[in-house]
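Structure data follow from upload07.json (JSON, C-alpha atoms and all ligand atoms):
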```json
[["chain", "number", "residue", "atom", "x", "y", "z"],
["X", 1, "MET", "CA", 0.00, 0.00, 0.00],
["X", 2, "THR", "CA", 1.36, 3.47, -0.87],
["X", 3, "LYS", "CA", 1.50, 6.18, 1.81],
["X", 4, "LYS", "CA", -1.35, 8.00, 0.08],
["X", 5, "SER", "CA", -3.67, 4.99, -0.22],
["X", 6, "LYS", "CA", -2.90, 4.12, 3.43],
["X", 7, "SER", "CA", -4.03, 7.57, 4.55],
["X", 8, "SER", "CA", -7.17, 7.38, 2.34],
["X", 9, "ALA", "CA", -8.01, 4.00, 3.89],
["X", 10, "GLN", "CA", -7.50, 5.46, 7.38],
["X", 11, "TRP", "CA", -9.70, 8.44, 6.46],
["X", 12, "LEU", "CA", -12.47, 6.06, 5.35],
["X", 13, "THR", "CA", -12.25, 4.03, 8.58],
["X", 14, "ASP", "CA", -12.36, 7.22, 10.70],
["X", 15, "HIS", "CA", -15.23, 8.59, 8.59],
["X", 16, "GLU", "CA", -17.33, 5.45, 9.08],
["X", 17, "LYS", "CA", -16.94, 5.72, 12.89],
["X", 18, "ASP", "CA", -17.40, 9.49, 13.06],
["X", 19, "GLU", "CA", -20.25, 10.41, 15.45],
["X", 20, "TYR", "CA", -21.53, 13.19, 13.16],
["X", 21, "VAL", "CA", -21.51, 10.93, 10.08],
["X", 22, "LEU", "CA", -23.57, 8.35, 11.97],
["X", 23, "ARG", "CA", -25.88, 11.01, 13.36],
["X", 24, "ALA", "CA", -26.42, 12.55, 9.90],
["X", 25, "ARG", "CA", -27.40, 9.13, 8.52],
["X", 26, "ARG", "CA", -29.82, 8.59, 11.41],
["X", 27, "GLU", "CA", -31.37, 12.03, 11.20],
["X", 28, "GLY", "CA", -31.59, 12.23, 7.41],
["X", 29, "TYR", "CA", -29.01, 14.93, 6.74],
["X", 30, "ARG", "CA", -26.97, 14.77, 3.56],
["X", 31, "SER", "CA", -23.68, 15.51, 5.28],
["X", 32, "ARG", "CA", -22.05, 15.82, 8.69],
["X", 33, "ALA", "CA", -21.54, 19.50, 7.81],
["X", 34, "SER", "CA", -25.18, 20.11, 8.77],
["X", 35, "TYR", "CA", -24.16, 19.98, 12.45],
["X", 36, "LYS", "CA", -21.62, 22.75, 11.97],
["X", 37, "LEU", "CA", -24.26, 25.12, 10.64],
["X", 38, "LEU", "CA", -26.76, 24.01, 13.31],
["X", 39, "GLU", "CA", -24.27, 24.80, 16.08],
["X", 40, "ILE", "CA", -23.28, 28.16, 14.58],
["X", 41, "ASP", "CA", -26.91, 29.08, 14.07],
["X", 42, "GLU", "CA", -27.81, 28.10, 17.64],
["X", 43, "LYS", "CA", -25.18, 30.52, 18.87],
["X", 44, "PHE", "CA", -25.80, 33.43, 16.52],
["X", 45, "GLY", "CA", -29.41, 33.04, 15.29],
["X", 46, "LEU", "CA", -28.66, 33.60, 11.61],
["X", 47, "LEU", "CA", -31.47, 31.55, 10.08],
["X", 48, "ARG", "CA", -35.00, 32.75, 10.76],
["X", 49, "PRO", "CA", -38.34, 32.37, 9.00],
["X", 50, "GLY", "CA", -38.24, 34.54, 5.87],
["X", 51, "THR", "CA", -34.43, 34.68, 5.56],
["X", 52, "VAL", "CA", -33.03, 34.87, 2.01],
["X", 53, "VAL", "CA", -29.94, 32.63, 1.94],
["X", 54, "VAL", "CA", -27.24, 32.03, -0.67],
["X", 55, "ASP", "CA", -25.31, 28.80, -0.01],
["X", 56, "LEU", "CA", -21.98, 28.60, -1.87],
["X", 57, "GLY", "CA", -20.31, 25.21, -2.16],
["X", 58, "ALA", "CA", -23.60, 23.58, -1.25],
["X", 59, "ALA", "CA", -23.12, 19.93, -2.29],
["X", 60, "PRO", "CA", -24.39, 17.49, -1.21],
["X", 61, "GLY", "CA", -26.83, 19.87, 0.49],
["X", 62, "GLY", "CA", -26.47, 19.47, 4.25],
["X", 63, "TRP", "CA", -26.40, 23.22, 4.93],
["X", 64, "ALA", "CA", -29.19, 23.84, 2.43],
["X", 65, "GLN", "CA", -31.38, 21.32, 4.31],
["X", 66, "ILE", "CA", -30.87, 23.24, 7.56],
["X", 67, "ALA", "CA", -31.51, 26.57, 5.83],
["X", 68, "VAL", "CA", -34.78, 25.30, 4.31],
["X", 69, "GLN", "CA", -35.91, 23.90, 7.68],
["X", 70, "LYS", "CA", -35.18, 27.10, 9.56],
["X", 71, "CYS", "CA", -36.27, 29.70, 7.00],
["X", 72, "GLY", "CA", -39.56, 28.04, 6.10],
["X", 73, "ARG", "CA", -41.83, 28.83, 3.20],
["X", 74, "SER", "CA", -41.41, 32.55, 3.57],
["X", 75, "GLY", "CA", -37.65, 32.12, 3.20],
["X", 76, "PHE", "CA", -35.64, 31.61, 0.04],
["X", 77, "VAL", "CA", -32.64, 29.32, -0.33],
["X", 78, "VAL", "CA", -30.39, 29.08, -3.36],
["X", 79, "GLY", "CA", -27.32, 26.82, -3.45],
["X", 80, "LEU", "CA", -24.47, 26.52, -5.92],
["X", 81, "ASP", "CA", -21.83, 23.85, -6.36],
["X", 82, "LEU", "CA", -19.47, 22.41, -8.95],
["X", 83, "LEU", "CA", -21.06, 19.03, -8.28],
["X", 84, "ASP", "CA", -24.47, 17.62, -9.11],
["X", 85, "MET", "CA", -26.93, 17.76, -6.23],
["X", 86, "GLU", "CA", -30.11, 15.79, -5.58],
["X", 87, "PRO", "CA", -33.07, 18.17, -5.76],
["X", 88, "LEU", "CA", -34.15, 19.57, -2.40],
["X", 89, "ARG", "CA", -37.69, 20.75, -1.81],
["X", 90, "GLY", "CA", -37.74, 24.39, -0.85],
["X", 91, "ALA", "CA", -34.34, 25.23, -2.36],
["X", 92, "THR", "CA", -33.07, 26.11, -5.82],
["X", 93, "LEU", "CA", -29.83, 24.27, -6.50],
["X", 94, "ILE", "CA", -27.50, 25.31, -9.32],
["X", 95, "LYS", "CA", -24.59, 23.37, -10.74],
["X", 96, "GLY", "CA", -21.76, 25.74, -11.57],
["X", 97, "ASP", "CA", -18.31, 27.04, -10.79],
["X", 98, "PHE", "CA", -18.45, 30.09, -8.54],
["X", 99, "THR", "CA", -15.22, 31.40, -10.07],
["X", 100, "GLU", "CA", -17.01, 31.77, -13.42],
["X", 101, "GLU", "CA", -19.07, 34.83, -14.42],
["X", 102, "LYS", "CA", -21.68, 32.50, -15.89],
["X", 103, "SER", "CA", -22.50, 31.02, -12.45],
["X", 104, "LEU", "CA", -22.70, 34.45, -10.90],
["X", 105, "ALA", "CA", -25.19, 35.50, -13.60],
["X", 106, "GLU", "CA", -27.25, 32.36, -12.90],
["X", 107, "LEU", "CA", -27.30, 33.09, -9.18],
["X", 108, "MET", "CA", -28.40, 36.68, -9.81],
["X", 109, "ALA", "CA", -31.11, 35.46, -12.20],
["X", 110, "VAL", "CA", -32.50, 33.11, -9.55],
["X", 111, "LEU", "CA", -32.40, 35.81, -6.89],
["X", 112, "GLN", "CA", -34.22, 38.29, -9.15],
["X", 113, "ASP", "CA", -34.68, 41.48, -7.16],
["X", 114, "ARG", "CA", -34.45, 39.86, -3.72],
["X", 115, "THR", "CA", -31.99, 41.36, -1.29],
["X", 116, "VAL", "CA", -29.91, 38.74, 0.44],
["X", 117, "ASP", "CA", -29.93, 38.40, 4.24],
["X", 118, "LEU", "CA", -27.26, 35.77, 4.58],
["X", 119, "VAL", "CA", -24.43, 34.35, 2.46],
["X", 120, "ILE", "CA", -22.99, 31.06, 3.70],
["X", 121, "SER", "CA", -19.95, 29.57, 2.02],
["X", 122, "ASP", "CA", -18.57, 26.14, 2.84],
["X", 123, "MET", "CA", -16.55, 26.13, -0.39],
["X", 124, "ALA", "CA", -13.20, 24.44, -0.21],
["X", 125, "PRO", "CA", -10.80, 23.60, -3.01],
["X", 126, "ASN", "CA", -9.77, 19.99, -3.52],
["X", 127, "LEU", "CA", -7.05, 19.84, -0.89],
["X", 128, "SER", "CA", -3.67, 18.50, -2.02],
["X", 129, "GLY", "CA", -2.28, 18.50, 1.52],
["X", 130, "MET", "CA", 0.36, 21.05, 0.46],
["X", 131, "LYS", "CA", -0.28, 24.33, 2.29],
["X", 132, "GLU", "CA", 1.54, 26.43, -0.32],
["X", 133, "ILE", "CA", -0.94, 25.26, -2.97],
["X", 134, "ASP", "CA", -4.13, 24.85, -0.94],
["X", 135, "GLN", "CA", -4.08, 28.09, 1.05],
["X", 136, "PRO", "CA", -4.00, 30.55, -1.91],
["X", 137, "LEU", "CA", -6.82, 28.61, -3.59],
["X", 138, "ALA", "CA", -8.90, 28.64, -0.41],
["X", 139, "ILE", "CA", -8.26, 32.36, 0.14],
["X", 140, "TYR", "CA", -9.24, 33.10, -3.47],
["X", 141, "LEU", "CA", -12.64, 31.39, -2.97],
["X", 142, "THR", "CA", -13.27, 33.33, 0.23],
["X", 143, "GLU", "CA", -12.34, 36.62, -1.45],
["X", 144, "LEU", "CA", -14.85, 35.90, -4.22],
["X", 145, "ALA", "CA", -17.52, 35.00, -1.65],
["X", 146, "LEU", "CA", -16.80, 38.22, 0.25],
["X", 147, "ASP", "CA", -17.09, 40.30, -2.96],
["X", 148, "PHE", "CA", -20.36, 38.57, -3.77],
["X", 149, "ALA", "CA", -21.69, 39.20, -0.26],
["X", 150, "CYS", "CA", -20.75, 42.88, -0.40],
["X", 151, "ALA", "CA", -22.58, 43.20, -3.73],
["X", 152, "THR", "CA", -25.79, 41.41, -2.72],
["X", 153, "LEU", "CA", -26.33, 41.65, 1.07],
["X", 154, "ARG", "CA", -28.77, 44.05, 2.60],
["X", 155, "PRO", "CA", -27.33, 46.39, 5.23],
["X", 156, "GLY", "CA", -27.42, 44.42, 8.48],
["X", 157, "GLY", "CA", -26.96, 41.10, 6.65],
["X", 158, "ALA", "CA", -24.36, 38.44, 7.45],
["X", 159, "LEU", "CA", -21.67, 36.33, 5.84],
["X", 160, "LEU", "CA", -20.40, 32.98, 7.13],
["X", 161, "MET", "CA", -17.36, 31.46, 5.42],
["X", 162, "LYS", "CA", -15.24, 28.39, 5.81],
["X", 163, "CYS", "CA", -11.60, 29.49, 5.99],
["X", 164, "PHE", "CA", -8.29, 27.82, 6.75],
["X", 165, "GLU", "CA", -5.82, 29.20, 9.27],
["X", 166, "GLY", "CA", -2.72, 30.33, 7.44],
["X", 167, "SER", "CA", -1.32, 32.91, 5.11],
["X", 168, "GLY", "CA", -3.79, 35.54, 3.88],
["X", 169, "LEU", "CA", -6.43, 34.93, 6.54],
["X", 170, "ASP", "CA", -5.55, 37.94, 8.71],
["X", 171, "GLU", "CA", -5.83, 40.23, 5.69],
["X", 172, "LEU", "CA", -9.20, 38.68, 4.83],
["X", 173, "ARG", "CA", -10.38, 39.27, 8.42],
["X", 174, "ARG", "CA", -9.26, 42.89, 8.13],
["X", 175, "VAL", "CA", -11.39, 43.38, 4.99],
["X", 176, "ILE", "CA", -14.36, 41.68, 6.68],
["X", 177, "ARG", "CA", -13.99, 44.05, 9.66],
["X", 178, "THR", "CA", -14.15, 47.06, 7.35],
["X", 179, "ASN", "CA", -17.41, 45.82, 5.81],
["X", 180, "PHE", "CA", -19.16, 44.28, 8.84],
["X", 181, "LYS", "CA", -19.67, 45.70, 12.32],
["X", 182, "GLN", "CA", -18.99, 42.36, 14.02],
["X", 183, "LEU", "CA", -16.58, 39.54, 13.33],
["X", 184, "ASN", "CA", -16.45, 36.15, 15.05],
["X", 185, "ASN", "CA", -14.19, 33.17, 14.53],
["X", 186, "VAL", "CA", -16.02, 29.92, 15.18],
["X", 187, "LYS", "CA", -14.76, 26.35, 15.40],
["X", 188, "PRO", "CA", -17.86, 24.17, 15.72],
["X", 189, "LYS", "CA", -17.57, 20.81, 17.49],
["X", 190, "ALA", "CA", -18.18, 18.94, 14.22],
["X", 191, "SER", "CA", -15.10, 20.62, 12.71],
["X", 192, "ARG", "CA", -12.28, 18.12, 13.08],
["X", 193, "ASP", "CA", -9.67, 19.19, 15.67],
["X", 194, "LYS", "CA", -6.73, 18.41, 13.41],
["X", 195, "SER", "CA", -8.16, 20.49, 10.57],
["X", 196, "ARG", "CA", -7.02, 24.11, 10.07],
["X", 197, "GLU", "CA", -10.64, 24.86, 9.18],
["X", 198, "ILE", "CA", -12.25, 27.79, 10.93],
["X", 199, "TYR", "CA", -15.50, 29.59, 10.19],
["X", 200, "VAL", "CA", -15.38, 33.35, 9.99],
["X", 201, "LEU", "CA", -18.64, 35.17, 10.55],
["X", 202, "GLY", "CA", -19.26, 38.80, 9.66],
["X", 203, "ARG", "CA", -22.47, 40.28, 11.01],
["X", 204, "GLN", "CA", -24.23, 43.58, 10.53],
["X", 205, "PHE", "CA", -23.06, 44.36, 7.02],
["X", 206, "LYS", "CA", -22.43, 48.09, 6.78],
["X", 207, "GLY", "CA", -23.83, 48.37, 3.25],
["X", 208, "SER", "CA", -22.13, 48.71, -0.10],
["Z", 301, "LIG", "C1", -17.26, 20.87, 2.38],
["Z", 301, "LIG", "S1", -18.14, 20.73, 0.88],
["Z", 301, "LIG", "C2", -19.66, 21.54, 1.24],
["Z", 301, "LIG", "C3", -20.59, 20.77, 2.14],
["Z", 301, "LIG", "C4", -21.96, 21.42, 2.25],
["Z", 301, "LIG", "N1", -21.91, 22.68, 2.99],
["Z", 301, "LIG", "C5", -22.96, 20.53, 2.92],
["Z", 301, "LIG", "O1", -23.42, 20.89, 4.01],
["Z", 301, "LIG", "O2", -23.33, 19.50, 2.37],
["Z", 301, "LIG", "C6", -17.32, 21.92, -0.12],
["Z", 301, "LIG", "C7", -17.92, 22.09, -1.50],
["Z", 301, "LIG", "O3", -17.35, 23.22, -2.15],
["Z", 301, "LIG", "C8", -17.49, 22.98, -3.53],
["Z", 301, "LIG", "N2", -16.68, 23.91, -4.32],
["Z", 301, "LIG", "C9", -15.34, 24.04, -4.32],
["Z", 301, "LIG", "N3", -14.95, 24.95, -5.22],
["Z", 301, "LIG", "C10", -16.08, 25.44, -5.79],
["Z", 301, "LIG", "C11", -16.34, 26.39, -6.82],
["Z", 301, "LIG", "N4", -15.33, 27.02, -7.44],
["Z", 301, "LIG", "N5", -17.62, 26.64, -7.18],
["Z", 301, "LIG", "C12", -18.63, 25.98, -6.56],
["Z", 301, "LIG", "N6", -18.45, 25.05, -5.60],
["Z", 301, "LIG", "C13", -17.20, 24.78, -5.22],
["Z", 301, "LIG", "C14", -17.06, 21.53, -3.68],
["Z", 301, "LIG", "O4", -17.52, 20.99, -4.87],
["Z", 301, "LIG", "C15", -17.69, 20.90, -2.44],
["Z", 301, "LIG", "O5", -18.91, 20.27, -2.73]]
```
Would you mind giving the structure from this file in structure tokens?
Ligand SMILES: C[S@@+](CC[C@H](N)C(=O)[O-])C[C@H]1O[C@@H](n2cnc3c(N)ncnc32)[C@H](O)[C@@H]1O
Amino acid sequence: MTKKSKSSAQWLTDHEKDEYVLRARREGYRSRASYKLLEIDEKFGLLRPGTVVVDLGAAPGGWAQIAVQKCGRSGFVVGLDLLDMEPLRGATLIKGDFTEEKSLAELMAVLQDRTVDLVISDMAPNLSGMKEIDQPLAIYLTELALDFACATLRPGGALLMKCFEGSGLDELRRVIRTNFKQLNNVKPKASRDKSREIYVLGRQFKGS
């Protein structure tokens, strides 16, 4: 067995025993990521009936499920991902690359003239394991999500983004602070300890 296939096999074994994976299967969520958003929402109350939510990097749809449950019929949930997603009642799911203008245009077409209350981004590049390659790609996705949020959020709205500790993150936090009145760094319990993943939350958007 090569070193890489050994670590993939180990990942699979760990994944199959993971308490959040088992819980998601039991409770009908599409991914363990649902519990991250649930915990963050419990703490900050982001998702309410009527909330208009844009979910970036939505596949397979665990966050979108939570958003639909919490925002109800008066809410509006649109998700985008590179990957195919099973349809989800109550949400509009788009297949597309967020780095492409075409996907942005599709998102805007679905939103019509709605103002957005909340942008959530769990986007992550395919990680190679090499920080020098992964971190710039991850930062680029968060910068795009931040630009999108600044262009579409209503004043007072919020942005939640998956980030990775490392080069470029402090600068990103600085830009978030200039656009949002409040910034929080959140590491939900379902986020694996050994991962550099951290969620950065900007609340009370100052307006574009
Ligand atoms: C951690 S997963 C998201 C899990 C999701 N929040 C859930 O609850 O099921 C990260 C996703 O980001 C997507 N992604 C990465 N780069 C993207 C891009 N440029 N455009 C759209 N989606 C992207 C990946 O395809 C992947 O499905």
Residues proximal to (-13.5, 31.6, 9.7) were defined as those with any atom within 9 Å of that point in the file's coordinates, counting only C-alpha atoms. Which are they, as a list of chain:residue names?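 Residues with an atom at most 9 Å from (-13.5, 31.6, 9.7): X:Leu160, X:Met161, X:Lys162, X:Cys163, X:Phe164, X:Glu165, X:Leu169, X:Arg173, X:Asn184, X:Asn185, X:Val186, X:Lys187, X:Glu197, X:Ile198, X:Tyr199, X:Val200, X:Leu201.
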Nearest candidate to X:Thr115 (options X:Phe44, X:Phe180, X:Tyr140, X:Phe76; using all atoms listed in the file):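 Of X:Phe44, X:Phe180, X:Tyr140, X:Phe76, the one nearest X:Thr115 is X:Phe76, counting all atoms listed in the file.
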Excluding stretch 103-108 of chain X and its own-chain neighbours fewer than 5 positions away, which residues fall within 8 Å of it when counting all atoms listed in the file? Please give them as a list in words.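 The residues that qualify are Val78, Leu80, Ile94, Gly96, Asp97 and Phe98 of chain X.
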Contacts of stretch 81-86 of chain X at 6 Å or less, counting all atoms listed in the file, minus same-chain residues fewer than 4 places along, as JSON, numbers by chain? {"X": [57, 58, 59, 60, 95, 96, 97]}
Can you work out the spacing between atom CA of X:Leu137 and atom O1 of ligand LIG 301 (chain Z) in Å, to one decimal?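 We find that atom CA of X:Leu137 and atom O1 of ligand LIG 301 (chain Z) lie 19.8 Å from each other.
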Would you mind reading off the distance between atom CA of X:Leu159 and atom CA of X:Ile120, one decimal, in Å?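 Value for the atom CA of X:Leu159-atom CA of X:Ile120 distance: 5.8 Å.
Across the model, the gap from atom CA of X:Val53 to atom C4 of ligand LIG 301 (chain Z) is 13.8 Å.
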Between X:Asp113, X:Glu143, X:Glu42, X:Asp14, which one has atoms that come closest to ligand LIG 301 (chain Z), using all atoms listed in the file?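 Going through X:Asp113, X:Glu143, X:Glu42, X:Asp14 one by one, the smallest distance to ligand LIG 301 (chain Z) is for X:Glu143.
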Have a look at X:Ala9, X:Cys150, X:Ala124, X:Val52 and name the one nearest to ligand LIG 301 (chain Z); count only C-alpha atoms and all ligand atoms.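 Looking only at the distances to ligand LIG 301 (chain Z), the closest residue turns out to be X:Ala124.
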